[in-house]
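Engineer: Input my_file.cif, format and content: mmCIF, C-alpha atoms and all ligand atoms.
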```cif
data_my_file
loop_
_atom_site.label_atom_id
_atom_site.label_comp_id
_atom_site.auth_asym_id
_atom_site.auth_seq_id
_atom_site.Cartn_x
_atom_site.Cartn_y
_atom_site.Cartn_z
CA MET A 8 -36.98 19.19 -3.53
CA SER A 9 -36.46 22.71 -2.26
CA GLU A 10 -33.15 21.78 -0.64
CA LEU A 11 -32.06 20.36 -4.00
CA LYS A 12 -32.49 23.74 -5.65
CA ASN A 13 -29.28 24.93 -4.09
CA LYS A 14 -27.27 21.85 -5.09
CA ARG A 15 -24.93 21.86 -8.06
CA ILE A 16 -23.69 18.71 -9.71
CA ILE A 17 -19.96 18.48 -10.40
CA THR A 18 -19.09 16.14 -13.27
CA VAL A 19 -15.45 15.18 -13.64
CA ALA A 20 -14.12 14.20 -17.06
CA THR A 21 -10.73 12.81 -16.08
CA THR A 22 -9.38 11.54 -19.37
CA GLY A 23 -11.20 12.38 -22.61
CA ALA A 24 -9.89 11.40 -26.01
CA TRP A 25 -7.12 13.92 -26.54
CA PRO A 26 -4.67 14.65 -23.72
CA THR A 27 -1.51 12.56 -23.83
CA LYS A 28 1.20 11.87 -21.27
CA GLU A 29 3.32 14.29 -23.32
CA ASN A 30 0.73 17.04 -22.74
CA THR A 31 0.63 16.22 -19.04
CA PRO A 32 2.09 13.26 -17.16
CA ASN A 33 -0.83 13.61 -14.72
CA VAL A 34 -3.65 12.51 -17.02
CA PRO A 35 -5.01 9.05 -16.14
CA LEU A 36 -5.27 6.88 -19.27
CA GLN A 37 -5.46 3.21 -18.30
CA PRO A 38 -8.24 1.56 -16.23
CA GLU A 39 -6.33 1.35 -12.93
CA GLU A 40 -5.29 5.01 -13.14
CA ILE A 41 -8.74 6.20 -14.20
CA ALA A 42 -10.52 4.25 -11.44
CA GLU A 43 -8.17 5.60 -8.77
CA GLU A 44 -8.58 9.16 -10.07
CA VAL A 45 -12.37 8.87 -10.21
CA TYR A 46 -12.43 7.57 -6.65
CA ASN A 47 -10.30 10.46 -5.43
CA CYS A 48 -12.43 12.96 -7.37
CA TRP A 49 -15.53 11.52 -5.72
CA LYS A 50 -13.90 12.16 -2.34
CA GLU A 51 -13.39 15.80 -3.39
CA GLY A 52 -17.04 16.27 -4.32
CA ALA A 53 -17.63 14.99 -7.85
CA ALA A 54 -21.05 13.36 -8.27
CA ILE A 55 -20.66 12.13 -11.86
CA ALA A 56 -17.65 10.62 -13.64
CA HIS A 57 -17.64 10.96 -17.44
CA ILE A 58 -15.49 8.08 -18.66
CA HIS A 59 -13.32 7.65 -21.75
CA VAL A 60 -10.77 4.92 -22.26
CA ARG A 61 -7.62 4.45 -24.34
CA ASP A 62 -6.12 1.46 -26.06
CA ASP A 63 -2.83 -0.12 -24.90
CA ALA A 64 -0.92 2.56 -26.80
CA ASP A 65 -2.93 5.28 -24.98
CA ARG A 66 -4.77 6.28 -28.17
CA PRO A 67 -8.47 7.25 -28.07
CA ALA A 68 -10.56 4.10 -28.27
CA MET A 69 -13.94 2.52 -27.60
CA GLU A 70 -12.45 -0.83 -26.55
CA PHE A 71 -15.07 -2.67 -24.62
CA GLU A 72 -12.60 -4.51 -22.40
CA LYS A 73 -11.09 -1.22 -21.24
CA PHE A 74 -14.51 0.14 -20.31
CA ALA A 75 -15.44 -3.09 -18.58
CA LYS A 76 -12.24 -3.06 -16.52
CA THR A 77 -12.57 0.60 -15.61
CA VAL A 78 -16.20 0.24 -14.55
CA GLU A 79 -15.42 -2.92 -12.59
CA LEU A 80 -12.59 -1.22 -10.71
CA ILE A 81 -14.73 1.79 -9.81
CA ARG A 82 -17.68 -0.36 -8.75
CA ALA A 83 -15.31 -2.45 -6.61
CA LYS A 84 -14.73 0.60 -4.39
CA LYS A 85 -17.69 -0.15 -2.18
CA ASP A 86 -17.93 3.17 -0.41
CA CYS A 87 -17.94 5.10 -3.71
CA ASP A 88 -21.41 5.78 -5.09
CA ILE A 89 -20.38 8.11 -7.93
CA ILE A 90 -22.66 8.14 -10.99
CA LEU A 91 -21.01 6.68 -14.08
CA ASN A 92 -21.46 8.38 -17.44
CA LEU A 93 -19.76 6.52 -20.31
CA THR A 94 -18.86 8.32 -23.51
CA THR A 95 -20.44 7.14 -26.75
CA SER A 96 -17.98 9.04 -28.92
CA GLY A 97 -14.58 8.03 -27.61
CA GLY A 98 -12.88 10.08 -30.29
CA VAL A 99 -13.91 10.46 -33.89
CA GLY A 100 -14.32 7.94 -36.67
CA LEU A 101 -15.12 4.97 -34.42
CA SER A 102 -17.74 2.43 -35.43
CA GLU A 103 -21.35 2.74 -34.28
CA ASP A 104 -21.33 -0.71 -32.73
CA ASP A 105 -18.19 0.06 -30.75
CA ARG A 106 -19.73 3.35 -29.58
CA ILE A 107 -22.88 1.60 -28.37
CA ARG A 108 -21.58 -1.58 -26.73
CA PRO A 109 -20.10 -0.13 -23.50
CA PHE A 110 -23.28 1.54 -22.24
CA TYR A 111 -25.49 -1.21 -23.62
CA GLU A 112 -23.70 -3.98 -21.78
CA LEU A 113 -22.28 -2.23 -18.72
CA LYS A 114 -25.43 -0.22 -18.00
CA PRO A 115 -24.01 2.90 -16.38
CA GLU A 116 -26.63 5.34 -15.11
CA MET A 117 -25.77 7.82 -17.88
CA ALA A 118 -24.04 7.99 -21.26
CA SER A 119 -23.25 10.86 -23.58
CA TYR A 120 -25.53 11.61 -26.55
CA ASP A 121 -23.90 14.02 -29.00
CA CYS A 122 -26.86 15.66 -30.62
CA GLY A 123 -25.51 16.42 -34.11
CA SER A 124 -22.48 16.30 -36.35
CA MET A 125 -19.80 18.96 -36.59
CA ASN A 126 -16.48 19.82 -38.16
CA TRP A 127 -14.19 18.83 -35.29
CA GLN A 128 -11.28 21.14 -34.48
CA HIS A 129 -10.64 21.87 -38.18
CA THR A 130 -9.53 18.29 -38.68
CA THR A 131 -12.37 15.86 -39.33
CA VAL A 132 -16.10 15.33 -39.08
CA PHE A 133 -17.52 14.26 -35.73
CA GLU A 134 -20.30 12.18 -37.16
CA ASN A 135 -23.64 11.67 -35.43
CA THR A 136 -26.07 10.88 -38.22
CA PRO A 137 -29.86 11.03 -37.80
CA ALA A 138 -30.03 7.22 -38.03
CA PHE A 139 -27.36 6.84 -35.33
CA LEU A 140 -29.11 9.30 -33.01
CA GLU A 141 -32.39 7.40 -33.42
CA LYS A 142 -30.68 4.13 -32.64
CA LEU A 143 -28.70 5.53 -29.73
CA GLY A 144 -31.80 7.05 -28.13
CA ALA A 145 -33.81 3.85 -28.53
CA LEU A 146 -31.08 1.67 -27.04
CA MET A 147 -30.52 4.02 -24.10
CA ARG A 148 -34.22 3.85 -23.34
CA GLU A 149 -34.17 0.08 -23.65
CA VAL A 150 -31.46 -0.36 -21.03
CA GLY A 151 -32.49 2.56 -18.79
CA VAL A 152 -29.42 4.73 -19.37
CA LYS A 153 -30.09 8.47 -19.15
CA PRO A 154 -28.67 10.43 -22.08
CA GLU A 155 -26.42 13.35 -21.27
CA ILE A 156 -27.28 15.41 -24.35
CA GLU A 157 -24.03 17.07 -25.36
CA VAL A 158 -24.53 20.17 -27.49
CA PHE A 159 -21.65 22.02 -29.12
CA ASP A 160 -23.76 24.80 -30.64
CA PRO A 161 -27.36 26.10 -30.45
CA GLY A 162 -28.38 24.11 -33.54
CA MET A 163 -27.85 20.90 -31.61
CA ILE A 164 -30.27 22.10 -28.92
CA TYR A 165 -32.97 22.51 -31.58
CA ASN A 166 -31.99 19.14 -33.01
CA ALA A 167 -32.74 17.64 -29.59
CA ARG A 168 -36.23 19.13 -29.77
CA HIS A 169 -36.98 16.83 -32.70
CA TYR A 170 -35.95 13.75 -30.73
CA LEU A 171 -37.84 14.89 -27.64
CA LYS A 172 -41.00 15.35 -29.72
CA LYS A 173 -40.54 11.95 -31.32
CA GLY A 174 -39.97 10.26 -27.98
CA THR A 175 -36.45 9.14 -28.91
CA LEU A 176 -35.34 11.30 -25.99
CA THR A 177 -37.55 11.50 -22.92
CA SER A 178 -38.34 14.33 -20.53
CA PRO A 179 -36.97 15.80 -18.44
CA PRO A 180 -33.76 15.83 -20.49
CA HIS A 181 -30.30 16.67 -19.23
CA PHE A 182 -28.00 18.80 -21.38
CA GLN A 183 -24.27 19.45 -21.34
CA PHE A 184 -23.20 22.69 -23.05
CA CYS A 185 -19.77 21.93 -24.52
CA MET A 186 -18.26 25.29 -25.37
CA GLY A 187 -15.07 26.47 -26.98
CA VAL A 188 -14.42 23.46 -29.22
CA ALA A 189 -13.31 24.72 -32.64
CA GLY A 190 -16.18 24.00 -35.00
CA GLY A 191 -18.74 24.68 -32.26
CA ILE A 192 -19.81 27.76 -30.32
CA ALA A 193 -17.13 29.85 -28.62
CA ALA A 194 -16.94 29.86 -24.82
CA SER A 195 -18.25 33.18 -23.52
CA THR A 196 -20.77 34.46 -21.02
CA LYS A 197 -22.91 35.94 -23.79
CA ASN A 198 -23.00 32.62 -25.61
CA LEU A 199 -23.81 30.65 -22.47
CA VAL A 200 -26.74 32.94 -21.74
CA PHE A 201 -27.92 32.44 -25.32
CA MET A 202 -27.55 28.65 -25.16
CA HIS A 203 -29.57 28.70 -21.94
CA ASP A 204 -32.31 30.81 -23.59
CA CYS A 205 -32.47 28.32 -26.47
CA LEU A 206 -32.74 25.43 -24.03
CA LYS A 207 -35.62 27.02 -22.12
CA GLU A 208 -37.47 27.36 -25.42
CA VAL A 209 -36.86 23.72 -26.31
CA ALA A 210 -37.35 22.06 -22.92
CA SER A 211 -38.38 24.20 -19.96
CA ASP A 212 -38.01 21.19 -17.64
CA ALA A 213 -34.43 20.44 -18.69
CA THR A 214 -31.50 20.31 -16.32
CA TRP A 215 -28.15 21.48 -17.65
CA SER A 216 -24.44 21.70 -17.09
CA ALA A 217 -21.69 23.55 -18.93
CA PHE A 218 -17.97 23.67 -19.48
CA GLY A 219 -15.57 25.65 -21.62
CA ILE A 220 -12.33 24.30 -22.94
CA GLY A 221 -9.17 26.34 -22.97
CA ALA A 222 -8.61 29.88 -21.81
CA ARG A 223 -12.22 30.75 -20.99
CA ALA A 224 -12.97 27.68 -18.90
CA MET A 225 -13.17 29.68 -15.68
CA GLU A 226 -15.58 32.19 -17.20
CA ILE A 227 -17.98 29.37 -18.10
CA LEU A 228 -17.53 27.74 -14.69
CA TYR A 229 -18.34 30.91 -12.77
CA THR A 230 -21.18 31.90 -15.11
CA SER A 231 -22.76 28.47 -14.95
CA VAL A 232 -22.71 28.55 -11.15
CA ALA A 233 -24.17 32.06 -11.16
CA MET A 234 -26.95 31.01 -13.56
CA GLY A 235 -27.99 28.04 -11.43
CA GLY A 236 -26.38 25.45 -13.68
CA ASN A 237 -24.20 22.45 -13.03
CA VAL A 238 -20.55 22.19 -13.97
CA ARG A 239 -18.05 19.86 -15.59
CA VAL A 240 -14.31 20.00 -14.97
CA GLY A 241 -11.32 17.82 -15.70
CA MET A 242 -8.47 17.04 -18.05
CA GLU A 243 -10.75 16.08 -20.94
CA ASP A 244 -11.41 19.82 -21.22
CA ASN A 245 -8.28 21.42 -19.76
CA VAL A 246 -4.87 20.19 -18.71
CA LEU A 247 -3.87 23.58 -17.31
CA TYR A 248 -5.00 24.58 -13.83
CA LYS A 249 -4.31 28.17 -14.77
CA LYS A 250 -2.22 29.92 -17.38
CA GLY A 251 1.12 28.14 -17.70
CA VAL A 252 0.46 25.73 -14.82
CA ILE A 253 -0.24 22.06 -15.54
CA ALA A 254 -2.83 20.65 -13.16
CA GLU A 255 -1.33 18.16 -10.74
CA SER A 256 -4.48 16.01 -10.88
CA ASN A 257 -8.17 16.05 -11.73
CA MET A 258 -8.89 16.37 -8.02
CA VAL A 259 -7.64 19.94 -7.93
CA PHE A 260 -10.23 20.91 -10.55
CA VAL A 261 -13.02 19.25 -8.56
CA ALA A 262 -11.89 20.85 -5.31
CA ARG A 263 -11.79 24.28 -6.95
CA ALA A 264 -15.26 23.87 -8.46
CA LYS A 265 -16.59 22.87 -5.05
CA ARG A 266 -15.01 25.92 -3.42
CA ILE A 267 -16.51 28.20 -6.07
CA ILE A 268 -19.96 26.66 -5.63
CA GLU A 269 -19.74 27.05 -1.86
CA GLU A 270 -18.41 30.61 -1.98
CA PHE A 271 -21.36 31.44 -4.21
CA GLY A 272 -23.69 30.18 -1.49
CA ALA A 273 -24.68 26.87 -3.04
CA GLU A 274 -23.52 23.33 -2.30
CA ALA A 275 -22.02 20.49 -4.30
CA ALA A 276 -24.60 17.73 -4.80
CA THR A 277 -23.78 14.28 -3.51
CA PRO A 278 -24.26 11.46 -6.03
CA ASP A 279 -27.61 10.60 -4.43
CA GLU A 280 -28.74 14.21 -4.61
CA ALA A 281 -27.65 14.28 -8.25
CA ARG A 282 -29.73 11.13 -8.83
CA GLN A 283 -32.78 12.95 -7.49
CA ILE A 284 -32.08 16.08 -9.55
CA LEU A 285 -31.61 14.05 -12.73
CA GLY A 286 -34.37 11.52 -12.04
CA LEU A 287 -32.03 8.55 -12.31
CA ARG A 288 -33.23 5.07 -11.54
ZN ZN B 301 -16.20 13.00 -23.41
#
```
Would you mind writing the file's structure down as structure tokens?

Structural biologist:
Amino acid sequence: MSELKNKRIITVATTGAWPTKENTPNVPLQPEEIAEEVYNCWKEGAAIAHIHVRDDADRPAMEFEKFAKTVELIRAKKDCDIILNLTTSGGVGLSEDDRIRPFYELKPEMASYDCGSMNWQHTTVFENTPAFLEKLGALMREVGVKPEIEVFDPGMIYNARHYLKKGTLTSPPHFQFCMGVAGGIAASTKNLVFMHDCLKEVASDATWSAFGIGARAMEILYTSVAMGGNVRVGMEDNVLYKKGVIAESNMVFVARAKRIIEEFGAEAATPDEARQILGLR
């Protein structure tokens, strides 16, 4: 275990719900592209792939067939042991059944669990009702999928405490601090330190990861590494590699995160090391 202390898990979120080919021609949107990108990101040091899919018109979707194809293509790459983490949001306004079916049937090792509702980017409500969170937690337990508890503000961390106490979520939990989304907490060092303090109060045994979208992504990346956390990178959160420069691929984000982790004096966890850290089956 002591060697694991110095390991940091890199999650890559290659696609997300929002970037389009107009935003960047380099974002992978269909199963073949996503699977190839995930494989190449694994080669660069990513231990977890957070997966979204799109419909045939490249719009955000929770189409089961697209998930099934993507997962099949990744699993067909026999040397690739990356951990799969399927989204359960897929966008906003999608049906509960559609949000549940991919993880329930495809049984990835992880799936996202968005621990509260929020006003999303000044446009709509990202709805995660109490009843849905109960159901989601129960079904993830049933099929042995570990929730990645996504929190967009400190209130969602305290919301998770309720589900941990009830047994809907089990310990040790894993959290993802999603920062800089309009409607949630802003991405800053001060806020990350505060989110971390809240988490320690709620679940001292929790593992955590963080990312910031937009201009302060690098601040959150560096701070997370410095605080002993894990990191998430990829086009779901940023299409720019740096100001004014569109990233040529998701691999360049993974490679940079790995360099930063190593320059700090830590190491990027392999998928199997990440499994040990997260207590995956
Ligand atoms: Zn996502």

Engineer: Could you work out how far atom CA of A:Leu140 lies from atom CA of A:Asn126, giving the answer in Å with one decimal?

Structural biologist: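 If I compute the distance from atom CA of A:Asn126 to atom CA of A:Leu140, I get 17.2 Å.
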
Engineer: Could you list, as an mmCIF file with C-alpha atoms, keeping the file's coordinate frame, all protein and nucleic acid residues with an atom at most 10 Å from ligand ZN 301 (chain B), counting all atoms listed in the file?

Structural biologist:
```cif
data_model
loop_
_atom_site.group_PDB
_atom_site.id
_atom_site.type_symbol
_atom_site.label_atom_id
_atom_site.label_comp_id
_atom_site.auth_asym_id
_atom_site.auth_seq_id
_atom_site.Cartn_x
_atom_site.Cartn_y
_atom_site.Cartn_z
ATOM 1 C CA ALA A 20 -14.120 14.200 -17.060
ATOM 2 C CA THR A 21 -10.730 12.810 -16.080
ATOM 3 C CA THR A 22 -9.380 11.540 -19.370
ATOM 4 C CA GLY A 23 -11.200 12.380 -22.610
ATOM 5 C CA ALA A 24 -9.890 11.400 -26.010
ATOM 6 C CA TRP A 25 -7.120 13.920 -26.540
ATOM 7 C CA HIS A 57 -17.640 10.960 -17.440
ATOM 8 C CA ILE A 58 -15.490 8.080 -18.660
ATOM 9 C CA HIS A 59 -13.320 7.650 -21.750
ATOM 10 C CA VAL A 60 -10.770 4.920 -22.260
ATOM 11 C CA ASN A 92 -21.460 8.380 -17.440
ATOM 12 C CA LEU A 93 -19.760 6.520 -20.310
ATOM 13 C CA THR A 94 -18.860 8.320 -23.510
ATOM 14 C CA THR A 95 -20.440 7.140 -26.750
ATOM 15 C CA SER A 96 -17.980 9.040 -28.920
ATOM 16 C CA GLY A 97 -14.580 8.030 -27.610
ATOM 17 C CA GLY A 98 -12.880 10.080 -30.290
ATOM 18 C CA ALA A 118 -24.040 7.990 -21.260
ATOM 19 C CA SER A 119 -23.250 10.860 -23.580
ATOM 20 C CA TYR A 120 -25.530 11.610 -26.550
ATOM 21 C CA ASP A 121 -23.900 14.020 -29.000
ATOM 22 C CA GLU A 157 -24.030 17.070 -25.360
ATOM 23 C CA CYS A 185 -19.770 21.930 -24.520
ATOM 24 C CA GLU A 243 -10.750 16.080 -20.940
ATOM 25 C CA ASP A 244 -11.410 19.820 -21.220
#
```

Engineer: Could you pull the residues within 10 Å of stretch 248-252 of chain A, counting all atoms listed in the file, minus those fewer than 2 positions along the same chain, as a PyMOL selection string?

Structural biologist: chain A and resi 221-222+224-225+241-242+245-246+254-257+259-260+263

Engineer: When distances are computed from all atoms listed in the file, which of A:Glu141, A:Asp212, A:Glu44, A:Glu280 shows the smallest separation from A:His169?

Structural biologist: A:Glu141

Engineer: Please compute the atom CA of A:Val78-atom CA of A:Ala42 distance, one decimal, in Å.

Structural biologist: 7.6 Å

Engineer: I need the residue nearest A:Gln128 from this list: A:Val99, A:Ile267, A:Ala64, A:Leu228. Use all atoms listed in the file for the distance.

Structural biologist: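 Nearest candidate to A:Gln128 out of A:Val99, A:Ile267, A:Ala64, A:Leu228: A:Val99.
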
Engineer: Within 10 Å of stretch 52-56 of chain A, which residues of stretch 215-244 of chain A show up? Give each one with its shortest atom-to-atom distance in Å (one decimal) and the two atoms involved, counting all atoms listed in the file, rows by chain then rising residue number, as a Markdown table.

Structural biologist:
```
| residue | atom | partner | partner_atom | distance |
| --- | --- | --- | --- | --- |
| A:Val238 | CA | A:Ala53 | CA | 9.9 |
| A:Arg239 | CA | A:Ile55 | CA | 9.0 |
| A:Val240 | CA | A:Ala53 | CA | 9.3 |
| A:Gly241 | CA | A:Ala56 | CA | 9.8 |
```

Engineer: Set the distance at 7 Å and use only C-alpha atoms: which residues neighbour stretch 205-210 of chain A once local chain neighbours fewer than 3 positions away are removed? I'd like the list as a VMD selection string.

Structural biologist: chain A and resid 161 164 to 165 168 201 to 202 213

Engineer: Pick out the closest residue to A:Tyr229 from this set: A:Trp215, A:Phe271, A:Phe110, A:Phe74. Count only C-alpha atoms.

Structural biologist: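 Closest to A:Tyr229, using only C-alpha atoms: A:Phe271.
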
Engineer: One number please: atom CA of A:Met69 to atom CA of A:Gly162, in Å, one decimal.

Structural biologist: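 Interatomic distance, atom CA of A:Met69 to atom CA of A:Gly162: 26.6 Å.
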
Engineer: For A:Gly235, which residue out of A:Met258, A:Ala273, A:Val150, A:Met125 is the nearest one, using all atoms listed in the file?

Structural biologist: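 Going through A:Met258, A:Ala273, A:Val150, A:Met125 one by one, the smallest distance to A:Gly235 is for A:Ala273.
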
Engineer: Kindly indicate which residue among A:Ile107, A:Ala167, A:Val188, A:Leu91 lies nearest to A:Trp127, using all atoms listed in the file for the distances.

Structural biologist: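 For A:Trp127, the nearest of the given residues is A:Val188.
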
Engineer: Find the spatial neighbours of A:Met117, counting all atoms listed in the file, within a cut-off of 6 Å - ignore same-chain residues fewer than 5 positions away - and output them as a VMD selection string.

Structural biologist: chain A and resid 92 152 to 154

Engineer: Taking into account all atoms listed in the file, which residue in the set A:Met163, A:Asn135, A:Asp65, A:Glu274 is nearest to A:Pro35?

Structural biologist: A:Asp65

Engineer: Could you list, as a short mmCIF file (atom, residue, chain, number, x, y, z; two decimals) with C-alpha atoms, in the frame of the given file, every residue within 10 Å of A:Thr177, counting all atoms listed in the file and ignoring same-chain residues fewer than 3 positions away?

Structural biologist:
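Below is the file selection.cif, written as the result:
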```cif
data_model
loop_
_atom_site.label_atom_id
_atom_site.label_comp_id
_atom_site.auth_asym_id
_atom_site.auth_seq_id
_atom_site.Cartn_x
_atom_site.Cartn_y
_atom_site.Cartn_z
CA GLY A 144 -31.80 7.05 -28.13
CA ARG A 148 -34.22 3.85 -23.34
CA LYS A 153 -30.09 8.47 -19.15
CA PRO A 154 -28.67 10.43 -22.08
CA TYR A 170 -35.95 13.75 -30.73
CA LEU A 171 -37.84 14.89 -27.64
CA LYS A 172 -41.00 15.35 -29.72
CA LYS A 173 -40.54 11.95 -31.32
CA GLY A 174 -39.97 10.26 -27.98
CA PRO A 180 -33.76 15.83 -20.49
CA HIS A 181 -30.30 16.67 -19.23
#
```

Engineer: Just want the 9 Å neighbourhood of A:Leu80, counted on all atoms listed in the file, with same-chain residues fewer than 3 positions away dropped. Output as a ChimeraX atom specification.

Structural biologist: /A:38-39,42-43,75-77,83-84

Engineer: Rebuild stretch 228-244 of chain A to N, CA, C and O atoms - output it as a PDB file, in the coordinates of the input, please.

Structural biologist:
```pdb
ATOM      1  N   LEU A 228     -17.292  28.343 -16.015  1.00  0.00           N
ATOM      2  CA  LEU A 228     -17.530  27.740 -14.690  1.00  0.00           C
ATOM      3  C   LEU A 228     -18.265  28.719 -13.766  1.00  0.00           C
ATOM      4  O   LEU A 228     -19.304  28.402 -13.190  1.00  0.00           O
ATOM      5  N   TYR A 229     -17.726  29.906 -13.655  1.00  0.00           N
ATOM      6  CA  TYR A 229     -18.340  30.910 -12.770  1.00  0.00           C
ATOM      7  C   TYR A 229     -19.743  31.294 -13.263  1.00  0.00           C
ATOM      8  O   TYR A 229     -20.671  31.440 -12.468  1.00  0.00           O
ATOM      9  N   THR A 230     -19.887  31.467 -14.579  1.00  0.00           N
ATOM     10  CA  THR A 230     -21.180  31.900 -15.110  1.00  0.00           C
ATOM     11  C   THR A 230     -22.233  30.810 -14.908  1.00  0.00           C
ATOM     12  O   THR A 230     -23.378  31.096 -14.557  1.00  0.00           O
ATOM     13  N   SER A 231     -21.839  29.579 -15.129  1.00  0.00           N
ATOM     14  CA  SER A 231     -22.760  28.470 -14.950  1.00  0.00           C
ATOM     15  C   SER A 231     -23.252  28.412 -13.496  1.00  0.00           C
ATOM     16  O   SER A 231     -24.453  28.268 -13.242  1.00  0.00           O
ATOM     17  N   VAL A 232     -22.324  28.548 -12.562  1.00  0.00           N
ATOM     18  CA  VAL A 232     -22.710  28.550 -11.150  1.00  0.00           C
ATOM     19  C   VAL A 232     -23.662  29.712 -10.870  1.00  0.00           C
ATOM     20  O   VAL A 232     -24.708  29.556 -10.228  1.00  0.00           O
ATOM     21  N   ALA A 233     -23.345  30.879 -11.401  1.00  0.00           N
ATOM     22  CA  ALA A 233     -24.170  32.060 -11.160  1.00  0.00           C
ATOM     23  C   ALA A 233     -25.567  31.921 -11.766  1.00  0.00           C
ATOM     24  O   ALA A 233     -26.543  32.461 -11.247  1.00  0.00           O
ATOM     25  N   MET A 234     -25.657  31.177 -12.871  1.00  0.00           N
ATOM     26  CA  MET A 234     -26.950  31.010 -13.560  1.00  0.00           C
ATOM     27  C   MET A 234     -27.760  29.845 -13.009  1.00  0.00           C
ATOM     28  O   MET A 234     -28.838  29.546 -13.521  1.00  0.00           O
ATOM     29  N   GLY A 235     -27.239  29.166 -12.002  1.00  0.00           N
ATOM     30  CA  GLY A 235     -27.990  28.040 -11.430  1.00  0.00           C
ATOM     31  C   GLY A 235     -27.727  26.729 -12.134  1.00  0.00           C
ATOM     32  O   GLY A 235     -28.476  25.767 -11.953  1.00  0.00           O
ATOM     33  N   GLY A 236     -26.684  26.681 -12.943  1.00  0.00           N
ATOM     34  CA  GLY A 236     -26.380  25.450 -13.680  1.00  0.00           C
ATOM     35  C   GLY A 236     -25.430  24.542 -12.927  1.00  0.00           C
ATOM     36  O   GLY A 236     -24.941  24.871 -11.843  1.00  0.00           O
ATOM     37  N   ASN A 237     -25.169  23.412 -13.549  1.00  0.00           N
ATOM     38  CA  ASN A 237     -24.200  22.450 -13.030  1.00  0.00           C
ATOM     39  C   ASN A 237     -22.909  22.594 -13.830  1.00  0.00           C
ATOM     40  O   ASN A 237     -22.891  23.278 -14.853  1.00  0.00           O
ATOM     41  N   VAL A 238     -21.856  21.952 -13.345  1.00  0.00           N
ATOM     42  CA  VAL A 238     -20.550  22.190 -13.970  1.00  0.00           C
ATOM     43  C   VAL A 238     -19.808  20.894 -14.274  1.00  0.00           C
ATOM     44  O   VAL A 238     -20.015  19.876 -13.617  1.00  0.00           O
ATOM     45  N   ARG A 239     -18.953  20.974 -15.291  1.00  0.00           N
ATOM     46  CA  ARG A 239     -18.050  19.860 -15.590  1.00  0.00           C
ATOM     47  C   ARG A 239     -16.630  20.404 -15.602  1.00  0.00           C
ATOM     48  O   ARG A 239     -16.377  21.484 -16.153  1.00  0.00           O
ATOM     49  N   VAL A 240     -15.731  19.641 -14.997  1.00  0.00           N
ATOM     50  CA  VAL A 240     -14.310  20.000 -14.970  1.00  0.00           C
ATOM     51  C   VAL A 240     -13.487  18.761 -15.270  1.00  0.00           C
ATOM     52  O   VAL A 240     -14.007  17.644 -15.255  1.00  0.00           O
ATOM     53  N   GLY A 241     -12.207  18.964 -15.530  1.00  0.00           N
ATOM     54  CA  GLY A 241     -11.320  17.820 -15.700  1.00  0.00           C
ATOM     55  C   GLY A 241     -10.437  17.931 -16.931  1.00  0.00           C
ATOM     56  O   GLY A 241     -10.586  18.831 -17.757  1.00  0.00           O
ATOM     57  N   MET A 242      -9.510  16.975 -17.027  1.00  0.00           N
ATOM     58  CA  MET A 242      -8.470  17.040 -18.050  1.00  0.00           C
ATOM     59  C   MET A 242      -8.972  16.760 -19.460  1.00  0.00           C
ATOM     60  O   MET A 242      -8.258  17.043 -20.419  1.00  0.00           O
ATOM     61  N   GLU A 243     -10.183  16.194 -19.589  1.00  0.00           N
ATOM     62  CA  GLU A 243     -10.750  16.080 -20.940  1.00  0.00           C
ATOM     63  C   GLU A 243     -10.875  17.472 -21.561  1.00  0.00           C
ATOM     64  O   GLU A 243     -10.726  17.629 -22.773  1.00  0.00           O
ATOM     65  N   ASP A 244     -11.127  18.467 -20.721  1.00  0.00           N
ATOM     66  CA  ASP A 244     -11.410  19.820 -21.220  1.00  0.00           C
ATOM     67  C   ASP A 244     -10.233  20.776 -21.051  1.00  0.00           C
ATOM     68  O   ASP A 244     -10.113  21.739 -21.815  1.00  0.00           O
TER      69      ASP A 244
END
```
